[in-house]
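To start, the structure itself, in structure tokens.
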Amino acid sequence: MDRRGEAPLQLQQNLDFTVENVEKALHQLYYDPNIENKNLAQKWLMQAQVSPQAWHFSWLLLEMDKVPEIQYFGASALHIKISRYWNDIPTDQYESLKSQLFSHITRFASGSKIVLTRLCVALASLALNMMPEAWPCAVADMVRMFQAEDSNVDGRARCLALLELLTVLPEEFQTSRLPQYRKGQVRSVLAQECSSVFPLLEQLLQQQDSPSFIKQKVLKCFSSWVQLEIPLMECESLIQAAFTSLHDPELFDTAVEAIVNAISQPDAQRYVNTLLKLIPPVLGLQEQLRQAVQSRDMETSHGICRIAVALGENHSRALLDQVDHWQSFLALVNMIMFCTGIPGHYPVNETTSSLTLTFWYTLQDDILSFDPEKQAMYQQVYRPVYFQLVDVLLHKAQFPSDEEYSCWSSDEKEQFRIYRVDISDTLMYVYEMLGAELLSSLYDKLGRLLTNTEQPSSWQHTEALLYGFQSIAETIDVNYSDVVPGLIGLIPHISISNVQLADTVMFTIGALSEWLADHPVMINNVLPLVLQALGNPELSISSVSTLKKICRECKYDLPPYAANIVAVSQDVLMKQIHKTSQCMWLMQALGFLLSALQVEEILKNLHSLITPYIQQLEKLADETPNPSNKLAIIHILGLLSNLFTTLDISHHDDDHESTEVKKLPVPQGPNPVVVVLQQVFQLIQKVLSKWLNDAQVVESVCSIFEKSVKTLLDDFAPMVPQLCEMLGQMYSTIPQASAIDLTRQLVHIFAHEPAHFPPIKALFLVITSVTLTLFQQGPRDHPDIVDSFMQLLAQALKRKPDLFLCSSLDVKAVFHCGVISLKFPEAPTVKAACGFFTELLPRCGEIPPVGQVVHENGKMLLQAVLEGVGGQASRNLMDHFAEILFALNKHCFSYLSVWIKEVMQQDGFPSARVSPEQKEIFSQQILRERVNKRRVKEMVKEFTLLCRGLHGTEYTADY
């Protein structure tokens, strides 16, 4: 590297922003292989661009003997100065700036394209800032300037420069930083100025001798202008000219873009007459579309489809409203139907049909939103169209031949799967329009297909019809449909020769599981198919998920089949046919199934189901820990915990997510899950003692108990003392987050019951004291433990605040830990710490130790919160910090008013960017607001932006 590139590194802070230095830094940015040097150069150049000296060096960098990279930087710096620092420019310099830019653009008309574009963007920014007062006819002036004869620059280059300028002007407007009121003002001025632009564009498009590249630029320019919400009627003749350009292959793509942008602008629906005039030219493209489809020209068919869909989808309501023109709109709908049914398999031989699916939703919604009379008329016209659509969609959903499908890439197969899901959603939607008649028609077709002995049908055809049925049955209540019994009768007659068909048969049975629960006599028709499919690894997902649905929905009708289901499931589990996640689902299915049996039956089945695993676990517990037996242990513990997730004999399983629900007492003695847990408790302890160091094994053990507690609730009570003792020992030996999470669950369900309070209190104290020790040693490496601990403290305060009255609990130390946690870099941990303080502060009055600690140390908490707001913490956490400030103000007002004054007096706190006045205003705002939490959140967001120097910048836009 030559010495020229070194300067920006050594003198990074105080290097002058001169032309020479900028050139050196650019050389370094482009050519230095060292990434750090590149980064330093880039940083320095960014400072140079916004410096006052940029006004001087930018023009010098644009001299014609410089290389394009250097000229480009000069043009970019000018654009940044004009767009971001407009207020720094004295008004008496506007005119000279304008004429300098004009003359540079003229000079670069035949020069570097990228530099020309940047200069045009700079002039566009200048025009937008000067409109309308300082430069009333900006666009007309631009057109005039470039149309004036200039002997130095040839006419074509001038024309291209003008088109470039006119194209970037609306784009610059869309991204400009004009204040909102100015934006509206400038938009309307620009919309009027289109009268200076459109005639020129039309003339250039219609001129016979205009070369293709100019026409292309014209269409791009038109595309850019229509996005300013220009009335559609004013675009009419240009849209027609764009339609003519579609016949020129070189202009095709740009013309499509222009037409679609013009038709799709939201305001266009006000101009119904113009929209009606656009239907004939769109219909006129049908011959070109047919030829493109025939010659497999996917680009052309795709473009024409985009135009038809843009008109139909954006304006179906407005066009349907014109009842007199129903036939021409129907013709457009049929053209879109042709695009939906375009030949070929998506996404391999065509990519167009998927563009049309949203149109069918929109059309249907609009028809169903009319008054009854109009709706009835349109239903008559469009019901046949929608029946045709169902046929077309099911044809498109068909798999290709096995031979063809085997050649597809995995990405193509995945895209096809997603496409079928979109078709499925569309069919489900179409059901609203066609109702039960749709199911009857599918059933009739399937019946004819399966009973036609002369012409054996392809499996693809059968599969698609079933897929259509399943799509509807999955989300729509088919319990009252009279064709479902017939369908369930047909299913066993399908000769399944293929995995895709078998999968769809399974998913269809799954979709009908609620119907089967109402018609249990039919279960025997399909259950054998499902159990048979369980043995096929290729049908793993569909067969297991279907069995799980049947066991969940029909469990009270399954006792006669229980022995068979358990035997088959046990067999496939032992043969390890399925992957881990399907094994877990299968266990959940068995949990649902067993829930409906008598307790003795449950215990008998549990015994046969679990014994092999217990024996395996006993063997594994004796082995020396290694990676392969670790996986086996985690697998077995996972199977048990998934079984216990759904095994719920109190018949409240519909609410098993909600831990608030009080269970009915079960009269049949101890809960089977508890019986099993007590039997294996010592074995689990033995496994734990070997694997205490391994977070995943510990997590799997905790998960068994956590799932059981959530499902059993009060029934779990007999296990509480021994589990509390085990958790305490575990955590004391090696602290792990999963043990705290399980403790939180126990606190949530059992802490307020006097009988269980002593063991839970003892466990809570052990966890707290061990975690406090961890904090003394340095908690930074354990953000997960700190996160879980904060959540446990918050839960304790919520469910059983008495835990904070224990004399052996060091409330002050706990408080300090909370403050330390607020400063963690991990957002979830900070959020949990905020949750703890939000629960703690309201208890100041009722729990003396809490009140005392807050009054003595609250200032430290406030300091930590304001540091976070001042810029130490992520902006996404501001709502949580605001909650603490709100709670402090509500519950410790007299203290807060003193503390906030004291901490805000520190120089540069919470940020050097805020003035004493701004701090005072913020403090007063906070102290005044004791009722409206939302207002406090807004104040904190506002203040944090000031502290970070982001107030009023584009970074706040998404805030």
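Following the order of the structure tokens, first chain is A, next is B, and so on, with residues numbered from 1 inside each chain and ligands from 1 in the order they appear.
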
Residue set, segment 631-796 of chain A restricted to helix (DSSP H, G or I), as a ChimeraX atom specification: /A:631-646,653-655,672-691,695-733,737-750,754-777,779-781,783-796

Would you pick out the contacts of segment 915-932 of chain A at 8 Å or less, using only C-alpha atoms, so that residues sharing its chain but fewer than 6 positions from it are not included, and give the list as a PyMOL selection string? chain A and resi 885-886+889-890+893+896-897+900-901+904-905+939+943

Suppose you want the space between atom CA of Lys933 of chain A and atom CA of Pro842 of chain A; what is it in Å? 14.5 Å

Excluding same-chain residues fewer than 4 positions from segment 277-291 of chain A, what lies within 7 Å of it counting only C-alpha atoms, as a list in words?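 Here the answer would be Asn273, Ser295, Ser301, Ile304, Ala308 and Leu332 of chain A.
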
Could you tell me how far atom CA of Glu437 of chain A lies from atom CA of Ser513 of chain A, in Å and to one decimal?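 Straight-line distance from atom CA of Glu437 of chain A to atom CA of Ser513 of chain A works out to 21.6 Å.
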
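You can rank A:Ala109, A:Leu275, A:Ala717, A:Ile488 by their closest distance to Ile749 of chain A using only C-alpha atoms, and at the top of that list sits A:Ala717.
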
Quick one: residues within 10 Å of Ala48 of chain A, only C-alpha atoms counted, chain neighbours fewer than 5 positions away excluded, as number ranges by chain? A: 15-18, 21-22, 42-43, 53-54, 57, 77

Go ahead and compute the interatomic distance for atom CA of Val484 of chain A and atom CA of Val521 of chain A, in Å to one decimal. 13.2 Å
